[in-house]
Each structure stands twice: as structure tokens, then as C-alpha cells.
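Here's my_file-v8.txt, which has compact mmCIF, C-alpha atoms and all ligand atoms:
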# COMPACT_ATOMS: atom_id res chain seq x y z
CA MET E 16 104.25 103.25 88.45
CA ILE E 17 103.34 100.18 90.47
CA VAL E 18 104.66 96.72 89.57
CA GLN E 19 102.49 93.64 90.17
CA LEU E 20 104.08 90.20 89.83
CA TYR E 21 102.57 86.69 89.77
CA SER E 22 102.76 84.18 91.25
CA ILE E 23 104.65 84.36 94.50
CA LYS E 24 105.38 81.04 96.17
CA SER E 25 106.92 81.78 99.60
CA PRO E 26 107.61 84.53 102.16
CA GLU E 27 111.31 84.44 101.20
CA GLU E 28 110.53 84.98 97.53
CA ALA E 29 108.09 87.76 98.44
CA LEU E 30 110.75 89.69 100.36
CA LYS E 31 113.27 89.29 97.54
CA VAL E 32 110.94 90.69 94.85
CA ILE E 33 109.92 93.59 97.11
CA GLU E 34 113.60 94.44 97.53
CA LEU E 35 113.92 94.51 93.73
CA GLY E 36 111.01 96.93 93.28
CA CYS E 37 107.79 94.89 93.17
CA ASP E 38 104.96 96.39 95.22
CA TYR E 39 101.90 94.21 94.41
CA LEU E 40 102.44 90.48 94.94
CA GLY E 41 99.97 88.03 93.40
CA VAL E 42 99.21 84.66 94.97
CA SER E 43 96.94 81.80 93.87
CA PRO E 44 94.80 79.96 96.44
CA VAL E 45 94.02 76.26 95.98
CA SER E 46 91.04 76.22 93.60
CA GLY E 47 89.32 74.35 90.82
CA ALA E 48 91.55 76.16 88.32
CA ASN E 49 94.56 73.99 89.30
CA LEU E 50 97.13 76.72 88.74
CA PRO E 51 100.81 75.70 88.95
CA ASN E 52 101.64 77.72 92.10
CA GLU E 53 98.54 77.20 94.24
CA LEU E 54 98.93 77.81 97.99
CA SER E 55 96.93 76.87 101.08
CA TYR E 56 95.21 79.56 103.16
CA ASP E 57 97.92 79.17 105.83
CA GLU E 58 100.70 79.68 103.28
CA ILE E 59 98.96 82.79 101.92
CA LYS E 60 98.45 84.19 105.43
CA GLU E 61 102.15 83.73 106.11
CA ILE E 62 103.11 85.61 102.92
CA PHE E 63 100.63 88.44 103.63
CA ALA E 64 101.89 88.75 107.24
CA THR E 65 105.50 88.82 106.03
CA ILE E 66 104.92 91.63 103.50
CA LYS E 67 102.64 93.77 105.70
CA GLY E 68 103.86 97.38 105.56
CA LYS E 69 106.29 96.54 102.73
CA GLY E 70 104.08 95.41 99.85
CA ASN E 71 100.47 94.64 98.87
CA GLY E 72 98.99 91.14 98.75
CA VAL E 73 96.89 90.32 95.69
CA LEU E 74 94.62 87.27 95.65
CA ILE E 75 93.60 85.78 92.32
CA SER E 76 90.13 84.37 91.66
CA ILE E 77 89.36 82.42 88.50
CA ASP E 78 85.67 81.56 88.25
CA ASP E 79 85.25 80.85 91.96
CA PRO E 80 81.61 81.12 93.08
CA GLU E 81 80.81 84.57 94.51
CA ASP E 82 80.28 83.25 98.04
CA LEU E 83 83.76 81.72 98.01
CA VAL E 84 85.29 85.00 96.76
CA VAL E 85 83.65 86.86 99.65
CA GLU E 86 84.69 84.18 102.16
CA ARG E 87 88.31 84.40 101.00
CA VAL E 88 88.30 88.18 101.27
CA ARG E 89 86.93 87.93 104.82
CA GLU E 90 89.43 85.22 105.82
CA LEU E 91 92.61 86.33 104.04
CA LYS E 92 92.08 90.12 103.92
CA PRO E 93 94.04 90.70 100.71
CA ASP E 94 94.90 94.28 99.75
CA VAL E 95 93.48 93.43 96.32
CA ILE E 96 91.12 90.74 95.01
CA HIS E 97 91.84 90.08 91.32
CA MET E 98 88.90 88.65 89.36
CA CYS E 99 90.09 87.12 86.10
CA GLY E 100 87.68 84.33 85.27
CA GLY E 101 85.94 83.65 81.99
CA GLU E 102 82.59 82.90 83.61
CA VAL E 103 82.37 84.75 86.94
CA PHE E 104 82.81 88.51 86.66
CA SER E 105 82.59 91.30 89.20
CA THR E 106 79.25 93.07 89.58
CA PRO E 107 78.17 96.09 91.63
CA GLU E 108 76.62 93.64 94.13
CA LEU E 109 79.85 91.66 94.48
CA ALA E 110 81.82 94.90 94.87
CA LYS E 111 79.53 95.84 97.78
CA ARG E 112 79.89 92.40 99.42
CA ILE E 113 83.69 92.60 99.11
CA LYS E 114 83.76 96.02 100.84
CA GLU E 115 81.54 94.62 103.61
CA ALA E 116 83.81 91.59 104.03
CA ASN E 117 86.93 93.75 104.29
CA PRO E 118 86.63 97.50 103.69
CA THR E 119 90.27 97.99 102.66
CA THR E 120 90.34 95.31 99.94
CA ARG E 121 90.42 96.87 96.45
CA LEU E 122 88.62 95.14 93.58
CA GLU E 123 90.70 94.45 90.45
CA GLN E 124 88.83 93.20 87.38
CA ALA E 125 90.56 91.70 84.34
CA VAL E 126 89.49 92.89 80.91
CA GLY E 127 90.53 90.59 78.07
CA VAL E 128 91.47 93.12 75.41
CA SER E 129 90.48 91.74 72.02
CA GLY E 130 89.40 94.79 70.03
CA PRO E 131 87.85 98.27 70.27
CA GLU E 132 84.77 96.73 71.97
CA SER E 133 86.95 96.24 75.05
CA ILE E 134 86.84 100.02 75.62
CA GLU E 135 83.11 99.89 76.48
CA GLU E 136 83.63 96.82 78.66
CA ALA E 137 86.38 98.61 80.60
CA LYS E 138 84.20 101.71 81.02
CA MET E 139 81.44 99.53 82.47
CA TYR E 140 83.73 97.83 85.03
CA ALA E 141 85.22 101.20 86.00
CA GLU E 142 81.83 102.11 87.49
CA TRP E 143 82.35 99.68 90.42
CA CYS E 144 85.96 98.43 90.30
CA ASP E 145 88.96 100.13 91.86
CA ILE E 146 91.49 98.69 89.42
CA LEU E 147 91.26 97.32 85.86
CA ILE E 148 93.92 94.95 84.57
CA LEU E 149 94.07 94.97 80.77
CA ASP E 150 95.23 91.52 79.79
CA SER E 151 95.55 88.99 76.98
CA VAL E 152 93.43 85.88 76.47
CA THR E 153 94.56 82.52 75.17
CA GLU E 154 92.48 79.42 74.51
CA ASN E 155 94.56 76.94 76.51
CA ILE E 156 94.56 78.89 79.83
CA PRO E 157 91.38 79.30 81.89
CA GLY E 158 90.08 82.84 82.35
CA VAL E 159 91.82 86.04 81.32
CA GLY E 160 95.59 86.20 81.64
CA ALA E 161 98.77 84.14 81.88
CA ALA E 162 98.82 84.19 78.09
CA GLY E 163 102.44 85.31 77.80
CA VAL E 164 101.66 87.36 74.69
CA PRO E 165 100.85 91.05 74.26
CA HIS E 166 97.71 92.53 72.71
CA ASP E 167 97.02 95.89 71.04
CA TRP E 168 98.55 98.57 73.29
CA ASN E 169 96.81 101.33 71.31
CA ILE E 170 93.44 100.07 72.58
CA ASP E 171 94.85 100.02 76.13
CA ALA E 172 95.92 103.66 75.71
CA GLU E 173 92.33 104.54 74.76
CA ILE E 174 91.03 102.71 77.83
CA VAL E 175 93.43 104.55 80.15
CA LYS E 176 92.03 107.86 78.85
CA ALA E 177 88.41 106.65 78.99
CA VAL E 178 88.49 105.56 82.65
CA ALA E 179 90.78 108.31 84.00
CA GLY E 180 89.62 109.43 87.45
CA LYS E 181 87.43 106.33 87.87
CA ALA E 182 89.77 103.34 88.09
CA ASP E 183 93.49 102.69 88.17
CA VAL E 184 94.73 100.71 85.16
CA ILE E 185 97.35 97.95 85.18
CA LEU E 186 98.73 96.75 81.86
CA ALA E 187 99.43 93.00 81.56
CA GLY E 188 99.93 90.40 78.86
CA GLY E 189 103.28 89.27 77.54
CA LEU E 190 105.24 92.06 79.17
CA THR E 191 108.98 91.41 79.36
CA PRO E 192 112.00 93.29 80.71
CA GLU E 193 112.69 94.18 77.06
CA ASN E 194 109.27 95.48 75.98
CA VAL E 195 107.82 96.97 79.17
CA ALA E 196 109.29 100.47 78.69
CA GLU E 197 107.82 100.73 75.19
CA ALA E 198 104.45 99.51 76.47
CA VAL E 199 104.46 102.10 79.27
CA ARG E 200 105.38 104.85 76.79
CA ILE E 201 102.35 103.99 74.64
CA VAL E 202 99.72 103.09 77.28
CA LYS E 203 100.71 105.34 80.24
CA PRO E 204 99.15 102.99 82.81
CA TRP E 205 99.10 103.26 86.61
CA GLY E 206 100.93 99.95 86.80
CA VAL E 207 102.31 96.93 84.95
CA ASP E 208 102.05 93.20 85.64
CA SER E 209 104.14 90.20 84.69
CA LEU E 210 103.97 86.45 85.12
CA THR E 211 105.55 84.41 82.31
CA HIS E 212 108.54 86.49 81.29
CA THR E 213 109.83 87.14 84.81
CA ASN E 214 109.64 83.44 85.70
CA LYS E 215 111.97 80.48 85.79
CA PHE E 216 110.14 77.21 85.16
CA LEU E 217 111.07 74.19 87.29
CA PRO E 218 110.95 70.55 86.10
CA ASP E 219 107.94 69.77 88.35
CA GLY E 220 105.82 72.37 86.51
CA THR E 221 105.98 74.98 89.27
CA ARG E 222 107.69 78.31 88.77
CA ILE E 223 109.79 80.75 90.74
CA LYS E 224 110.61 84.34 89.95
CA ASP E 225 113.82 84.93 88.00
CA LEU E 226 115.36 87.65 90.15
CA GLU E 227 117.54 89.13 87.40
CA LYS E 228 114.50 89.49 85.16
CA VAL E 229 112.42 90.91 88.02
CA GLU E 230 115.05 93.58 88.73
CA LYS E 231 115.27 94.57 85.05
CA PHE E 232 111.48 94.53 84.64
CA CYS E 233 110.95 96.91 87.61
CA ARG E 234 113.77 99.22 86.49
CA GLU E 235 112.61 99.40 82.86
CA ALA E 236 108.94 99.91 83.85
CA ARG E 237 109.91 102.97 85.88
CA SER E 238 112.39 104.34 83.32
CA VAL E 239 109.67 106.13 81.34
CA LYS E 240 108.37 109.42 82.72
CA PHE E 241 105.02 110.81 81.62
O1 LIG H 301 98.90 82.96 87.70
C1 LIG H 301 98.32 82.27 86.86
O2 LIG H 301 98.65 81.10 86.62
C2 LIG H 301 97.17 82.82 86.08
C3 LIG H 301 96.33 81.96 85.40
C4 LIG H 301 95.24 82.45 84.70
C5 LIG H 301 94.98 83.81 84.66
C6 LIG H 301 95.82 84.69 85.32
C7 LIG H 301 96.93 84.22 86.01
N1 LIG H 301 97.83 85.06 86.63
C8 LIG H 301 97.62 86.44 86.89
C9 LIG H 301 97.85 87.38 85.83
O3 LIG H 301 96.95 88.15 85.64
C10 LIG H 301 99.13 87.40 85.04
O4 LIG H 301 100.14 87.92 85.83
C11 LIG H 301 98.92 88.25 83.79
O5 LIG H 301 97.94 87.65 83.00
C12 LIG H 301 100.20 88.38 82.97
O6 LIG H 301 100.60 87.13 82.49
P1 LIG H 301 101.75 87.01 81.38
O7 LIG H 301 101.16 87.43 80.07
O8 LIG H 301 102.11 85.57 81.42
O9 LIG H 301 102.87 87.91 81.83
Give the structure from this file in C-alpha cells form.
Amino acid sequence: MIVQLYSIKSPEEALKVIELGCDYLGVSPVSGANLPNELSYDEIKEIFATIKGKGNGVLISIDDPEDLVVERVRELKPDVIHMCGGEVFSTPELAKRIKEANPTTRLEQAVGVSGPESIEEAKMYAEWCDILILDSVTENIPGVGAAGVPHDWNIDAEIVKAVAGKADVILAGGLTPENVAEAVRIVKPWGVDSLTHTNKFLPDGTRIKDLEKVEKFCREARSVKF
């Protein structure tokens, strides 16, 4: 069971969450999405260099033009590029360009799970993506994710079965230290992801990871054997 956490702000924070059990660390580059924890390329490079050999660096992309996605993969060499826009989606062509830009970068595509129709969408993406992240959608946040609320885990469980052997599946959306074990029991994913409920929010609108919650989240996620 892998644990992916957003959004990491500094090398120091990265090392702390790795120590507590996180193995995929999400960062947000400066972009048109204006996310609360956006970082410069230099800051991201420093985090990725610090975690090399200890954890995996995940770069988010919310509706960036394809050329910019490819340029970032070439420049920053993330272990994973996470596409979670509402307008720009991965395609077989983009998957090929990403592999050419950096052969070891894995492509993670968000699927906003809204009903049984999401099963077909997930099956389609599994044809060219390495990882699917099954996530929640909310109107006031751009793209798919950061919604802080769960969706129907029974649909996720169907998706995990439908794409077995094709793509790894991460479950996201409103997961907390209290509900993650139950979610894992139902969905049986390859990994889990958390943003909102493992965060502490600071007065300036930025956020840092709440280390007690991170520790409990990682422990509870791995407490279920299947
Ligand atoms: O990090 C963000 O601000 C963000 C904004 C918009 C879409 C996704 C974003 N983060 C990456 C993620 O995929 C979240 O970790 C995931 O959606 C879980 O979020 P939450 O439901 O708040 O735990």
C-alpha cells in the first residue's frame, strides 16, 4: 500500500513525512491554477533532490497546455506526473511524449468518480496511463481533486477490478486518518492519497502537513491486509 500526500512545501517537510510512512510526495508548480502551495522550479528541484532514493516526487498539472506538461517533465524529471485538470486530459500521444521526455516518469491520470459511467472512463485511461487516481470533484476547486469529501467507494472497487493488470489505482477524495482503513477494506487499491485531512491551515492561506495526522493516516492505511 503506497501513501501519496499533497502538497509538500519544503525539503524539511518532505523528509518528515517520509519518516512517517509517506512514499509519494506531491508538489504544485507555479501555474495558472493559483494553488495555495505553489513552488518555483528551483524549490521543486531541491525537494526532488532531497528525497531521491527515499521517496517519489509527484508533479501536479491542472489544465496546463500539453507542451508545458512535457517541458516540465523534461526539466524536473518527476517520478510521476499527475494530470488532474478539467479541460486537459492525458491522451496516448501525450503519454508517448512524456516517456520521450523522461522514460522513468509514470503517468497518473485523475478520474472524477461521479457514477457508474466512471468505470468506462477509467478503463479507457488504463490503456495508456500507469496510474489512475480515483478522486472527488467539487465545483469551487479547479480540476479533479482537493474536494475534501469522499465519493462512492463501491464504484472505486469495481474500477480496481476492471483495470487490474493494466494500471495501478490510488484512491483519493476526503480520506482521513479515521476513514482510510474502511476505504481500503472496500476498494482494495494499490495506494491512497490525502490532502485536506492531513493538513494544518495557516492564516496566510498556505498549508503544512499535520504530522500527527500523517502518522495516523499512514498507519491506518496499512492496517488492512487483503
Ligand atoms: O493540491 C491541490 O491544491 C489540488 C488542487 C486541485 C486538484 C488537486 C489537488 N491536489 C492533489 C490531489 O489530487 C489531492 O491530494 C486529492 O484530490 C485529495 O484531496 P482531498 O480530498 O482534499 O484529500
Selected residue, from E:Ile96, E:Ile185, E:Lys111, E:Val164, that lies nearest to Ala137 of chain E when counting all atoms listed in the file: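 Closest to Ala137 of chain E, using all atoms listed in the file: E:Ile185.
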Nearby residues, ligand LIG 301 (chain H), 6 Å, only C-alpha atoms and all ligand atoms, as a ChimeraX atom specification: /E:21-22,50,150,157-164,187-190,208-212
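Here atom CA of Lys181 of chain E stands at a distance of 8.9 Å from atom CA of Lys138 of chain E.
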Shell around Val195 of chain E at 12 Å using all atoms listed in the file, local window under 5 positions removed, as an MDAnalysis selection string: chainID E and resid 16 18 165 168 186:190 200:204 206:209 212:213 228:229 231:239
Residues within 6 Å of Leu40 of chain E, all atoms listed in the file, excluding chain neighbours under 5 positions, as a PyMOL selection string: chain E and resi 19-20+72-73
For the residues selected in the previous step, produce a file with C-alpha atoms as a PDB file, in the frame of the given file.
ATOM      1  CA  GLN E  19     102.490  93.640  90.170  1.00  0.00           C
ATOM      2  CA  LEU E  20     104.080  90.200  89.830  1.00  0.00           C
ATOM      3  CA  GLY E  72      98.990  91.140  98.750  1.00  0.00           C
ATOM      4  CA  VAL E  73      96.890  90.320  95.690  1.00  0.00           C
TER       5      VAL E  73
END
Spatial sel., origin (107.2, 100.0, 103.3), limit 12 Å, all atoms listed in the file, listed as a ChimeraX atom specification: /E:30,33-34,36-39,65-71
Top pick for closest residue to Glu90 of chain E, considering E:Tyr56, E:Thr106, E:Thr120, E:Ala29 and counting all atoms listed in the file: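 Among the listed residues, the smallest separation from Glu90 of chain E belongs to E:Tyr56.
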With all atoms listed in the file as the counted atoms, please give the residues lying no more than 7 Å from Lys215 of chain E, apart from itself and same-chain residues fewer than 4 positions off, as a short mmCIF file (atom, residue, chain, number, x, y, z; two decimals) with C-alpha atoms, in the frame of the given file.
data_model
loop_
_atom_site.label_atom_id
_atom_site.label_comp_id
_atom_site.auth_asym_id
_atom_site.auth_seq_id
_atom_site.Cartn_x
_atom_site.Cartn_y
_atom_site.Cartn_z
CA ARG E 222 107.69 78.31 88.77
CA ILE E 223 109.79 80.75 90.74
CA LYS E 224 110.61 84.34 89.95
CA ASP E 225 113.82 84.93 88.00
#
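Each of E:Asn49, E:Asn169, E:Thr221, E:Thr119 was checked against Pro131 of chain E using all atoms listed in the file; the smallest atom-to-atom distance is that of E:Asn169.
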Surrounding residues of Cys99 of chain E excluding itself and chain neighbours under 5 positions, 9 Å, all atoms listed in the file, as a list in words: Ile75, Ser76, Ile77, Asp78, Phe104, Glu123, Gln124, Ala125, Val126, Gly127, Ile148, Pro157, Gly158, Val159 and Gly160 of chain E
Å distance separating atom CA of Ile23 of chain E from atom CA of Pro80 of chain E, one decimal place: 23.3 Å
Best match for closeness to Glu135 of chain E among E:Val178, E:Leu226, E:Ala48, E:Val85, counting all atoms listed in the file: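 Checking each candidate against Glu135 of chain E, we get E:Val178 as the closest.
Using all atoms listed in the file, the smallest distance between any of E:Asp57, E:Glu102, E:Glu227, E:Glu197 and Arg87 of chain E comes from E:Asp57.
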Residue nearest Glu108 of chain E - candidates E:Val88, E:Ala198, E:Ala179, E:Cys144, atoms counted: all atoms listed in the file: E:Cys144
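For the pair atom CA of Pro26 of chain E and atom CA of Ile62 of chain E, the interatomic distance is 4.7 Å.
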Centre and edge lengths, as AutoDock Vina command-line options, for the axis-aligned box enclosing every listed atom of segment 159-166 of chain E with 8 Å of padding on each of the six sides, in Å to one decimal?
--center_x 97.1 --center_y 88.3 --center_z 77.3 --size_x 26.6 --size_y 24.4 --size_z 25.2
Working from the structure I just supplied, which lacks atoms in segment 56-81 of chain E, can you model N, CA and C atoms there and output them as a PDB file, in the frame of the given file?
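Printed below is part-v8.pdb as written:
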ATOM      1  N   TYR E  56      95.520  78.312 102.442  1.00  0.00           N
ATOM      2  CA  TYR E  56      95.210  79.560 103.160  1.00  0.00           C
ATOM      3  C   TYR E  56      96.344  79.898 104.141  1.00  0.00           C
ATOM      4  N   ASP E  57      96.872  78.891 104.841  1.00  0.00           N
ATOM      5  CA  ASP E  57      97.920  79.170 105.830  1.00  0.00           C
ATOM      6  C   ASP E  57      99.171  79.728 105.153  1.00  0.00           C
ATOM      7  N   GLU E  58      99.511  79.172 103.989  1.00  0.00           N
ATOM      8  CA  GLU E  58     100.700  79.680 103.280  1.00  0.00           C
ATOM      9  C   GLU E  58     100.473  81.126 102.827  1.00  0.00           C
ATOM     10  N   ILE E  59      99.258  81.412 102.365  1.00  0.00           N
ATOM     11  CA  ILE E  59      98.960  82.790 101.920  1.00  0.00           C
ATOM     12  C   ILE E  59      98.996  83.749 103.103  1.00  0.00           C
ATOM     13  N   LYS E  60      98.436  83.320 104.238  1.00  0.00           N
ATOM     14  CA  LYS E  60      98.450  84.190 105.430  1.00  0.00           C
ATOM     15  C   LYS E  60      99.885  84.508 105.839  1.00  0.00           C
ATOM     16  N   GLU E  61     100.748  83.506 105.718  1.00  0.00           N
ATOM     17  CA  GLU E  61     102.150  83.730 106.110  1.00  0.00           C
ATOM     18  C   GLU E  61     102.809  84.752 105.170  1.00  0.00           C
ATOM     19  N   ILE E  62     102.538  84.634 103.875  1.00  0.00           N
ATOM     20  CA  ILE E  62     103.110  85.610 102.920  1.00  0.00           C
ATOM     21  C   ILE E  62     102.552  86.998 103.217  1.00  0.00           C
ATOM     22  N   PHE E  63     101.233  87.120 103.392  1.00  0.00           N
ATOM     23  CA  PHE E  63     100.630  88.440 103.630  1.00  0.00           C
ATOM     24  C   PHE E  63     101.167  89.047 104.941  1.00  0.00           C
ATOM     25  N   ALA E  64     101.364  88.216 105.962  1.00  0.00           N
ATOM     26  CA  ALA E  64     101.890  88.750 107.240  1.00  0.00           C
ATOM     27  C   ALA E  64     103.328  89.225 107.042  1.00  0.00           C
ATOM     28  N   THR E  65     104.088  88.477 106.240  1.00  0.00           N
ATOM     29  CA  THR E  65     105.500  88.820 106.030  1.00  0.00           C
ATOM     30  C   THR E  65     105.644  90.154 105.278  1.00  0.00           C
ATOM     31  N   ILE E  66     104.741  90.418 104.338  1.00  0.00           N
ATOM     32  CA  ILE E  66     104.920  91.630 103.500  1.00  0.00           C
ATOM     33  C   ILE E  66     104.168  92.847 104.064  1.00  0.00           C
ATOM     34  N   LYS E  67     103.444  92.659 105.151  1.00  0.00           N
ATOM     35  CA  LYS E  67     102.640  93.770 105.700  1.00  0.00           C
ATOM     36  C   LYS E  67     103.529  95.000 105.927  1.00  0.00           C
ATOM     37  N   GLY E  68     103.088  96.143 105.411  1.00  0.00           N
ATOM     38  CA  GLY E  68     103.860  97.380 105.560  1.00  0.00           C
ATOM     39  C   GLY E  68     104.956  97.535 104.519  1.00  0.00           C
ATOM     40  N   LYS E  69     105.212  96.479 103.733  1.00  0.00           N
ATOM     41  CA  LYS E  69     106.290  96.540 102.730  1.00  0.00           C
ATOM     42  C   LYS E  69     105.748  96.407 101.316  1.00  0.00           C
ATOM     43  N   GLY E  70     104.656  95.648 101.175  1.00  0.00           N
ATOM     44  CA  GLY E  70     104.080  95.410  99.850  1.00  0.00           C
ATOM     45  C   GLY E  70     102.611  95.069  99.994  1.00  0.00           C
ATOM     46  N   ASN E  71     101.918  94.917  98.863  1.00  0.00           N
ATOM     47  CA  ASN E  71     100.470  94.640  98.870  1.00  0.00           C
ATOM     48  C   ASN E  71     100.205  93.213  98.389  1.00  0.00           C
ATOM     49  N   GLY E  72      99.327  92.529  99.121  1.00  0.00           N
ATOM     50  CA  GLY E  72      98.990  91.140  98.750  1.00  0.00           C
ATOM     51  C   GLY E  72      97.791  91.111  97.822  1.00  0.00           C
ATOM     52  N   VAL E  73      97.949  90.421  96.699  1.00  0.00           N
ATOM     53  CA  VAL E  73      96.890  90.320  95.690  1.00  0.00           C
ATOM     54  C   VAL E  73      96.458  88.861  95.580  1.00  0.00           C
ATOM     55  N   LEU E  74      95.154  88.635  95.702  1.00  0.00           N
ATOM     56  CA  LEU E  74      94.620  87.270  95.650  1.00  0.00           C
ATOM     57  C   LEU E  74      93.881  87.074  94.344  1.00  0.00           C
ATOM     58  N   ILE E  75      94.246  86.021  93.608  1.00  0.00           N
ATOM     59  CA  ILE E  75      93.600  85.780  92.320  1.00  0.00           C
ATOM     60  C   ILE E  75      92.320  84.961  92.520  1.00  0.00           C
ATOM     61  N   SER E  76      91.335  85.193  91.650  1.00  0.00           N
ATOM     62  CA  SER E  76      90.130  84.370  91.660  1.00  0.00           C
ATOM     63  C   SER E  76      89.712  84.097  90.218  1.00  0.00           C
ATOM     64  N   ILE E  77      89.736  82.796  89.861  1.00  0.00           N
ATOM     65  CA  ILE E  77      89.360  82.420  88.500  1.00  0.00           C
ATOM     66  C   ILE E  77      88.093  81.581  88.565  1.00  0.00           C
ATOM     67  N   ASP E  78      86.968  82.236  88.296  1.00  0.00           N
ATOM     68  CA  ASP E  78      85.670  81.560  88.250  1.00  0.00           C
ATOM     69  C   ASP E  78      85.270  80.859  89.545  1.00  0.00           C
ATOM     70  N   ASP E  79      85.759  81.367  90.693  1.00  0.00           N
ATOM     71  CA  ASP E  79      85.250  80.850  91.960  1.00  0.00           C
ATOM     72  C   ASP E  79      83.836  81.390  92.148  1.00  0.00           C
ATOM     73  N   PRO E  80      82.947  80.595  92.799  1.00  0.00           N
ATOM     74  CA  PRO E  80      81.610  81.120  93.080  1.00  0.00           C
ATOM     75  C   PRO E  80      81.713  82.383  93.959  1.00  0.00           C
ATOM     76  N   GLU E  81      80.756  83.288  93.782  1.00  0.00           N
ATOM     77  CA  GLU E  81      80.810  84.570  94.510  1.00  0.00           C
ATOM     78  C   GLU E  81      80.945  84.406  96.018  1.00  0.00           C
TER      79      GLU E  81
END
